[in-house]
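K.L.:
As input, take data_5.txt (compact mmCIF, N, CA and C atoms):
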```txt
# COMPACT_ATOMS: atom_id res chain seq x y z
N MET A 4 -0.31 -140.96 -15.46
CA MET A 4 0.34 -141.97 -16.27
C MET A 4 1.76 -142.19 -15.76
N THR A 5 2.18 -143.43 -15.68
CA THR A 5 3.54 -143.74 -15.25
C THR A 5 4.32 -144.35 -16.41
N HIS A 6 5.61 -144.25 -16.33
CA HIS A 6 6.47 -144.88 -17.34
C HIS A 6 7.86 -145.09 -16.76
N SER A 7 8.61 -145.94 -17.40
CA SER A 7 9.98 -146.23 -17.01
C SER A 7 10.88 -145.87 -18.17
N SER A 8 11.76 -144.91 -17.96
CA SER A 8 12.69 -144.50 -19.00
C SER A 8 14.00 -144.10 -18.34
N VAL A 9 15.11 -144.65 -18.85
CA VAL A 9 16.41 -144.32 -18.28
C VAL A 9 17.39 -143.99 -19.41
N THR A 10 18.30 -143.09 -19.12
CA THR A 10 19.42 -142.78 -19.99
C THR A 10 20.68 -142.93 -19.15
N ILE A 11 21.60 -143.73 -19.63
CA ILE A 11 22.84 -143.99 -18.90
C ILE A 11 24.01 -143.62 -19.81
N VAL A 12 24.95 -142.86 -19.28
CA VAL A 12 26.19 -142.58 -19.99
C VAL A 12 27.31 -143.16 -19.16
N GLY A 13 28.04 -144.09 -19.74
CA GLY A 13 29.12 -144.74 -19.02
C GLY A 13 29.98 -145.54 -19.97
N ARG A 14 30.82 -146.39 -19.41
CA ARG A 14 31.75 -147.18 -20.22
C ARG A 14 31.23 -148.61 -20.34
N LEU A 15 31.32 -149.13 -21.55
CA LEU A 15 30.91 -150.50 -21.82
C LEU A 15 31.81 -151.45 -21.04
N GLY A 16 31.20 -152.40 -20.32
CA GLY A 16 31.97 -153.41 -19.61
C GLY A 16 32.76 -154.27 -20.60
N SER A 17 33.70 -155.03 -20.10
CA SER A 17 34.60 -155.77 -20.98
C SER A 17 34.00 -157.03 -21.57
N VAL A 18 32.94 -157.57 -20.97
CA VAL A 18 32.39 -158.84 -21.43
C VAL A 18 30.91 -158.68 -21.78
N SER A 19 30.53 -159.15 -22.96
CA SER A 19 29.10 -159.24 -23.30
C SER A 19 28.81 -160.70 -23.62
N GLU A 20 27.59 -161.09 -23.37
CA GLU A 20 27.20 -162.50 -23.56
C GLU A 20 25.94 -162.57 -24.40
N GLU A 21 25.98 -163.35 -25.47
CA GLU A 21 24.80 -163.57 -26.29
C GLU A 21 24.28 -164.97 -26.01
N ARG A 22 22.96 -165.08 -25.79
CA ARG A 22 22.38 -166.39 -25.53
C ARG A 22 20.97 -166.47 -26.09
N GLU A 23 20.53 -167.71 -26.32
CA GLU A 23 19.18 -167.93 -26.81
C GLU A 23 18.29 -168.28 -25.63
N LEU A 24 17.16 -167.61 -25.53
CA LEU A 24 16.20 -167.86 -24.46
C LEU A 24 15.31 -169.04 -24.83
N PRO A 25 14.63 -169.65 -23.85
CA PRO A 25 13.71 -170.76 -24.15
C PRO A 25 12.65 -170.39 -25.19
N SER A 26 12.32 -169.10 -25.28
CA SER A 26 11.32 -168.64 -26.25
C SER A 26 11.87 -168.63 -27.68
N GLY A 27 13.20 -168.77 -27.81
CA GLY A 27 13.84 -168.68 -29.12
C GLY A 27 14.43 -167.31 -29.39
N ASP A 28 14.09 -166.30 -28.58
CA ASP A 28 14.66 -164.97 -28.73
C ASP A 28 16.15 -165.01 -28.40
N ILE A 29 16.92 -164.15 -29.05
CA ILE A 29 18.34 -164.03 -28.75
C ILE A 29 18.54 -162.71 -28.04
N VAL A 30 19.32 -162.74 -26.96
CA VAL A 30 19.57 -161.54 -26.17
C VAL A 30 21.08 -161.41 -25.94
N THR A 31 21.54 -160.18 -25.97
CA THR A 31 22.92 -159.88 -25.59
C THR A 31 22.87 -159.15 -24.26
N SER A 32 23.56 -159.69 -23.27
CA SER A 32 23.65 -159.07 -21.94
C SER A 32 25.02 -158.41 -21.81
N PHE A 33 25.03 -157.22 -21.24
CA PHE A 33 26.29 -156.49 -21.04
C PHE A 33 26.12 -155.53 -19.88
N THR A 34 27.20 -154.92 -19.46
CA THR A 34 27.12 -153.94 -18.38
C THR A 34 27.64 -152.58 -18.87
N VAL A 35 27.10 -151.55 -18.27
CA VAL A 35 27.61 -150.19 -18.45
C VAL A 35 28.12 -149.74 -17.09
N ILE A 36 29.37 -149.31 -17.05
CA ILE A 36 30.02 -148.92 -15.81
C ILE A 36 29.91 -147.40 -15.66
N VAL A 37 29.33 -146.97 -14.53
CA VAL A 37 29.17 -145.54 -14.27
C VAL A 37 29.82 -145.19 -12.94
N ASP A 38 30.43 -144.01 -12.90
CA ASP A 38 30.99 -143.51 -11.64
C ASP A 38 29.86 -143.09 -10.72
N ARG A 39 30.03 -143.31 -9.44
CA ARG A 39 29.04 -142.85 -8.47
C ARG A 39 29.19 -141.35 -8.27
N THR A 40 28.06 -140.70 -8.00
CA THR A 40 28.09 -139.26 -7.73
C THR A 40 28.59 -139.03 -6.31
N GLY A 41 28.91 -137.80 -6.00
CA GLY A 41 29.43 -137.46 -4.68
C GLY A 41 28.52 -137.89 -3.54
N ALA A 42 27.21 -137.61 -3.64
CA ALA A 42 26.29 -137.93 -2.56
C ALA A 42 26.19 -139.44 -2.34
N SER A 43 26.09 -140.23 -3.41
CA SER A 43 25.97 -141.67 -3.23
C SER A 43 27.29 -142.27 -2.78
N ARG A 44 28.41 -141.66 -3.14
CA ARG A 44 29.71 -142.15 -2.65
C ARG A 44 29.82 -141.96 -1.15
N ARG A 45 29.36 -140.80 -0.68
CA ARG A 45 29.44 -140.55 0.77
C ARG A 45 28.57 -141.53 1.54
N ARG A 46 27.37 -141.82 1.02
CA ARG A 46 26.48 -142.77 1.71
C ARG A 46 27.09 -144.16 1.75
N SER A 47 27.71 -144.58 0.64
CA SER A 47 28.21 -145.95 0.57
C SER A 47 29.51 -146.15 1.33
N THR A 48 30.19 -145.08 1.69
CA THR A 48 31.45 -145.22 2.44
C THR A 48 31.30 -144.76 3.88
N ARG A 49 30.07 -144.57 4.32
CA ARG A 49 29.77 -144.20 5.72
C ARG A 49 30.55 -142.97 6.18
N GLY A 50 30.41 -141.92 5.37
CA GLY A 50 31.00 -140.65 5.76
C GLY A 50 32.41 -140.43 5.27
N ALA A 51 33.00 -141.36 4.55
CA ALA A 51 34.35 -141.17 4.04
C ALA A 51 34.36 -140.05 3.00
N SER A 52 35.51 -139.50 2.77
CA SER A 52 35.66 -138.42 1.82
C SER A 52 35.31 -138.86 0.41
N SER A 53 34.67 -137.96 -0.35
CA SER A 53 34.34 -138.28 -1.74
C SER A 53 35.58 -138.25 -2.61
N ALA A 54 36.73 -137.86 -2.07
CA ALA A 54 37.98 -137.85 -2.84
C ALA A 54 38.71 -139.18 -2.71
N GLY A 55 38.13 -140.14 -2.03
CA GLY A 55 38.75 -141.45 -1.82
C GLY A 55 38.79 -142.27 -3.08
N PRO A 56 38.94 -143.59 -2.95
CA PRO A 56 39.03 -144.47 -4.11
C PRO A 56 37.79 -144.34 -5.01
N ARG A 57 38.03 -144.51 -6.29
CA ARG A 57 36.94 -144.43 -7.28
C ARG A 57 35.91 -145.51 -7.02
N GLN A 58 34.63 -145.14 -6.99
CA GLN A 58 33.55 -146.09 -6.81
C GLN A 58 32.65 -146.06 -8.03
N VAL A 59 32.28 -147.25 -8.48
CA VAL A 59 31.47 -147.36 -9.69
C VAL A 59 30.31 -148.31 -9.46
N ASP A 60 29.32 -148.23 -10.33
CA ASP A 60 28.23 -149.19 -10.37
C ASP A 60 28.26 -149.83 -11.75
N ALA A 61 28.01 -151.13 -11.80
CA ALA A 61 27.90 -151.87 -13.05
C ALA A 61 26.41 -152.10 -13.30
N ILE A 62 25.87 -151.43 -14.30
CA ILE A 62 24.44 -151.48 -14.59
C ILE A 62 24.19 -152.58 -15.63
N PRO A 63 23.42 -153.63 -15.27
CA PRO A 63 23.15 -154.70 -16.23
C PRO A 63 22.16 -154.26 -17.31
N CYS A 64 22.48 -154.59 -18.55
CA CYS A 64 21.65 -154.20 -19.69
C CYS A 64 21.41 -155.41 -20.58
N GLN A 65 20.30 -155.37 -21.31
CA GLN A 65 19.97 -156.44 -22.25
C GLN A 65 19.49 -155.83 -23.55
N ALA A 66 20.00 -156.36 -24.68
CA ALA A 66 19.59 -155.90 -26.01
C ALA A 66 19.00 -157.07 -26.76
N PHE A 67 17.82 -156.87 -27.32
CA PHE A 67 17.11 -157.95 -28.01
C PHE A 67 17.13 -157.81 -29.53
N THR A 68 17.28 -156.60 -30.06
CA THR A 68 17.21 -156.45 -31.51
C THR A 68 18.55 -156.80 -32.15
N ALA A 69 18.49 -157.31 -33.37
CA ALA A 69 19.70 -157.70 -34.09
C ALA A 69 20.63 -156.51 -34.31
N VAL A 70 20.05 -155.34 -34.60
CA VAL A 70 20.86 -154.14 -34.83
C VAL A 70 21.68 -153.80 -33.58
N LEU A 71 21.02 -153.79 -32.42
CA LEU A 71 21.73 -153.48 -31.18
C LEU A 71 22.76 -154.55 -30.84
N ARG A 72 22.42 -155.81 -31.04
CA ARG A 72 23.36 -156.90 -30.73
C ARG A 72 24.62 -156.78 -31.58
N ARG A 73 24.47 -156.44 -32.85
CA ARG A 73 25.65 -156.27 -33.72
C ARG A 73 26.47 -155.06 -33.29
N ARG A 74 25.80 -153.98 -32.92
CA ARG A 74 26.50 -152.77 -32.50
C ARG A 74 27.35 -153.05 -31.25
N ILE A 75 26.78 -153.76 -30.29
CA ILE A 75 27.50 -154.09 -29.07
C ILE A 75 28.70 -154.98 -29.38
N ALA A 76 28.53 -155.94 -30.29
CA ALA A 76 29.62 -156.87 -30.64
C ALA A 76 30.80 -156.13 -31.27
N ARG A 77 30.55 -155.01 -31.94
CA ARG A 77 31.62 -154.27 -32.60
C ARG A 77 32.38 -153.35 -31.66
N LEU A 78 31.81 -153.05 -30.50
CA LEU A 78 32.45 -152.10 -29.57
C LEU A 78 33.38 -152.83 -28.61
N GLU A 79 34.43 -152.14 -28.23
CA GLU A 79 35.39 -152.69 -27.27
C GLU A 79 34.99 -152.28 -25.85
N GLY A 80 35.38 -153.11 -24.89
CA GLY A 80 35.18 -152.75 -23.49
C GLY A 80 35.87 -151.43 -23.20
N GLY A 81 35.23 -150.60 -22.40
CA GLY A 81 35.79 -149.30 -22.07
C GLY A 81 35.30 -148.17 -22.95
N THR A 82 34.60 -148.51 -24.04
CA THR A 82 34.06 -147.48 -24.93
C THR A 82 32.98 -146.68 -24.21
N LEU A 83 33.05 -145.36 -24.31
CA LEU A 83 32.02 -144.50 -23.72
C LEU A 83 30.76 -144.61 -24.56
N VAL A 84 29.63 -144.92 -23.92
CA VAL A 84 28.37 -145.11 -24.63
C VAL A 84 27.22 -144.39 -23.92
N GLU A 85 26.18 -144.12 -24.71
CA GLU A 85 24.91 -143.65 -24.15
C GLU A 85 23.89 -144.74 -24.43
N VAL A 86 23.21 -145.17 -23.38
CA VAL A 86 22.19 -146.21 -23.47
C VAL A 86 20.86 -145.61 -23.05
N VAL A 87 19.83 -145.85 -23.86
CA VAL A 87 18.47 -145.40 -23.53
C VAL A 87 17.59 -146.63 -23.52
N GLY A 88 16.79 -146.77 -22.48
CA GLY A 88 15.92 -147.93 -22.39
C GLY A 88 14.92 -147.81 -21.26
N THR A 89 14.37 -148.96 -20.89
CA THR A 89 13.41 -149.02 -19.80
C THR A 89 13.91 -149.99 -18.73
N LEU A 90 13.55 -149.73 -17.50
CA LEU A 90 13.91 -150.64 -16.41
C LEU A 90 12.94 -151.81 -16.39
N ARG A 91 13.48 -152.99 -16.22
CA ARG A 91 12.67 -154.21 -16.12
C ARG A 91 13.17 -155.00 -14.92
N ARG A 92 12.24 -155.56 -14.18
CA ARG A 92 12.61 -156.47 -13.09
C ARG A 92 12.19 -157.87 -13.51
N ARG A 93 13.13 -158.78 -13.48
CA ARG A 93 12.80 -160.15 -13.86
C ARG A 93 12.98 -161.06 -12.65
N PHE A 94 12.24 -162.14 -12.65
CA PHE A 94 12.23 -163.10 -11.55
C PHE A 94 12.57 -164.48 -12.08
N TRP A 95 13.15 -165.32 -11.25
CA TRP A 95 13.42 -166.71 -11.61
C TRP A 95 13.47 -167.55 -10.34
N ARG A 96 13.31 -168.83 -10.53
CA ARG A 96 13.41 -169.78 -9.42
C ARG A 96 14.71 -170.56 -9.56
N ALA A 97 15.38 -170.73 -8.45
CA ALA A 97 16.58 -171.57 -8.38
C ALA A 97 16.33 -172.54 -7.23
N GLY A 98 15.83 -173.71 -7.56
CA GLY A 98 15.43 -174.66 -6.51
C GLY A 98 14.21 -174.11 -5.80
N THR A 99 14.35 -173.91 -4.50
CA THR A 99 13.24 -173.36 -3.72
C THR A 99 13.35 -171.87 -3.52
N ALA A 100 14.48 -171.28 -3.97
CA ALA A 100 14.69 -169.84 -3.79
C ALA A 100 14.15 -169.06 -4.98
N LEU A 101 13.70 -167.84 -4.72
CA LEU A 101 13.23 -166.94 -5.75
C LEU A 101 14.28 -165.84 -5.91
N GLY A 102 14.73 -165.61 -7.13
CA GLY A 102 15.71 -164.55 -7.39
C GLY A 102 15.09 -163.47 -8.24
N SER A 103 15.68 -162.29 -8.20
CA SER A 103 15.20 -161.20 -9.05
C SER A 103 16.36 -160.28 -9.37
N ALA A 104 16.22 -159.53 -10.46
CA ALA A 104 17.22 -158.56 -10.87
C ALA A 104 16.53 -157.44 -11.62
N VAL A 105 17.08 -156.24 -11.51
CA VAL A 105 16.62 -155.10 -12.28
C VAL A 105 17.64 -154.87 -13.38
N GLU A 106 17.15 -154.76 -14.62
CA GLU A 106 18.03 -154.59 -15.78
C GLU A 106 17.45 -153.52 -16.69
N VAL A 107 18.30 -152.98 -17.55
CA VAL A 107 17.85 -152.03 -18.56
C VAL A 107 17.56 -152.80 -19.84
N ASP A 108 16.33 -152.68 -20.34
CA ASP A 108 15.94 -153.23 -21.63
C ASP A 108 16.28 -152.15 -22.65
N VAL A 109 17.36 -152.34 -23.39
CA VAL A 109 17.93 -151.30 -24.24
C VAL A 109 17.09 -151.08 -25.49
N GLN A 110 16.79 -149.82 -25.75
CA GLN A 110 16.06 -149.43 -26.96
C GLN A 110 16.97 -148.72 -27.95
N ARG A 111 17.95 -147.96 -27.42
CA ARG A 111 18.94 -147.27 -28.26
C ARG A 111 20.28 -147.29 -27.55
N MET A 112 21.34 -147.38 -28.34
CA MET A 112 22.68 -147.30 -27.78
C MET A 112 23.61 -146.75 -28.84
N ALA A 113 24.50 -145.86 -28.44
CA ALA A 113 25.46 -145.30 -29.38
C ALA A 113 26.75 -144.96 -28.66
N PRO A 114 27.88 -145.17 -29.32
CA PRO A 114 29.14 -144.73 -28.73
C PRO A 114 29.19 -143.20 -28.72
N ILE A 115 29.91 -142.66 -27.76
CA ILE A 115 30.08 -141.21 -27.64
C ILE A 115 31.55 -140.90 -27.90
N LYS A 116 31.79 -139.97 -28.82
CA LYS A 116 33.17 -139.56 -29.08
C LYS A 116 33.64 -138.70 -27.93
N GLU A 117 34.80 -139.06 -27.41
CA GLU A 117 35.36 -138.28 -26.31
C GLU A 117 36.17 -137.12 -26.87
N SER A 118 36.00 -135.95 -26.28
CA SER A 118 36.76 -134.80 -26.74
C SER A 118 38.17 -134.86 -26.15
N VAL A 119 39.12 -134.45 -26.95
CA VAL A 119 40.52 -134.45 -26.52
C VAL A 119 40.82 -133.09 -25.94
N GLN A 120 41.30 -133.08 -24.71
CA GLN A 120 41.62 -131.82 -24.03
C GLN A 120 43.08 -131.44 -24.33
N PRO A 121 43.34 -130.18 -24.70
CA PRO A 121 44.74 -129.77 -24.99
C PRO A 121 45.58 -129.73 -23.74
```
Represent the structure from my file as structure tokens, please.

P.N.:
Amino acid sequence: MTHSSVTIVGRLGSVSEERELPSGDIVTSFTVIVDRTGASRRRSTRGASSAGPRQVDAIPCQAFTAVLRRRIARLEGGTLVEVVGTLRRRFWRAGTALGSAVEVDVQRMAPIKESVQP
């Protein structure tokens, strides 16, 4: 049996967008910003030191339920969050070109309280 399940811990991007789809469903799109790990940083900088400039990935996410959409609207950009969902690949046509994107279809999301270090 196969399945798609992801958990992402990162910072909420600064902009979220709510829109109505042709089906009538409402979706909120947002990003979660995560720091790259040491191994992926080294690969992406062609051998550069992992102590170099901070490298991040912006993970696109979509929330369809009203509860999640309201929760996202109340949070500020930069808030540390945990997102749980499934990976989805969507396709679209733009003229004669075919486009695609991989996004997280969010099932749960919650802010994470950051501990204060003395």

K.L.:
Could you jot down the atom C of A:Val37 to atom C of A:Arg57 separation for me, Å, one decimal place?

P.N.:
8.5 Å

K.L.:
Name the residues in contact with A:Cys64 at a cut-off of 6.5 Å, using all atoms listed in the file, excluding same-chain residues fewer than 2 positions from it; report them as JSON, numbers by chain.

P.N.:
{"A": [31, 32, 33, 34, 35, 62, 66, 106, 107, 108, 109]}

K.L.:
Excluding A:Val30 and its own-chain neighbours fewer than 3 positions away, which residues fall within 8 Å of it when counting only C-alpha atoms? Please give them as a ChimeraX atom specification.

P.N.:
/A:21-24,65-68,72

K.L.:
Using only C-alpha atoms, which of A:Arg111, A:Arg96, A:Ile36, A:Val87 sits nearest A:Leu71?

P.N.:
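Checking each of A:Arg111, A:Arg96, A:Ile36, A:Val87 against A:Leu71, counting only C-alpha atoms, the winner is A:Arg111.
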
K.L.:
Using only N, CA and C atoms, which protein or nucleic acid residues come within 6 Å of A:Val12? Drop anything in the same chain fewer than 4 positions from it, and give the result as a PyMOL selection string.

P.N.:
chain A and resi 37+84-86

K.L.:
Rank A:Ser8, A:Leu101, A:Val18, A:Leu83 by their smallest atom-to-atom distance to A:Glu117, using all atoms listed in the file, and report the top residue only.

P.N.:
A:Leu83

K.L.:
For the atom pair atom CA of A:Thr10 and atom N of A:Arg74, what is the interatomic distance in Å to one decimal place?

P.N.:
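One can read the atom CA of A:Thr10 to atom N of A:Arg74 distance as 18.3 Å.
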
K.L.:
For A:Gly88, which residue out of A:Met4, A:Ala76, A:Ser118, A:Val9 is the nearest one, using only C-alpha atoms?

P.N.:
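Comparing A:Met4, A:Ala76, A:Ser118, A:Val9 against A:Gly88, the winner is A:Val9.
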
K.L.:
Please indicate the distance in Å from atom CA of A:Arg39 to atom CA of A:Gly13, rounded to one decimal place.

P.N.:
10.7 Å

K.L.:
Could you pull out the strand (DSSP E) residues of stretch 25-118 of chain A, going by DSSP on the backbone, and write them as a PyMOL selection string?

P.N.:
chain A and resi 29-38+59-66+83-97+100-114

K.L.:
With a distance cut-off of 7 Å and only C-alpha atoms, select the neighbouring residues of A:Asp38, excluding the residue or stretch itself and same-chain residues fewer than 2 positions from it, and output the selection as a list in words.

P.N.:
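These residues fall inside the cut-off: Ile36, Thr40, Gln58, Val59 and Asp60 of chain A.
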
K.L.:
Need to verify the contact set: A:Ser103, 8 Å, only C-alpha atoms, exclusion of same-chain residues closer than 2 positions in sequence. Can you return it as a ChimeraX atom specification?

P.N.:
/A:92-95,101,105
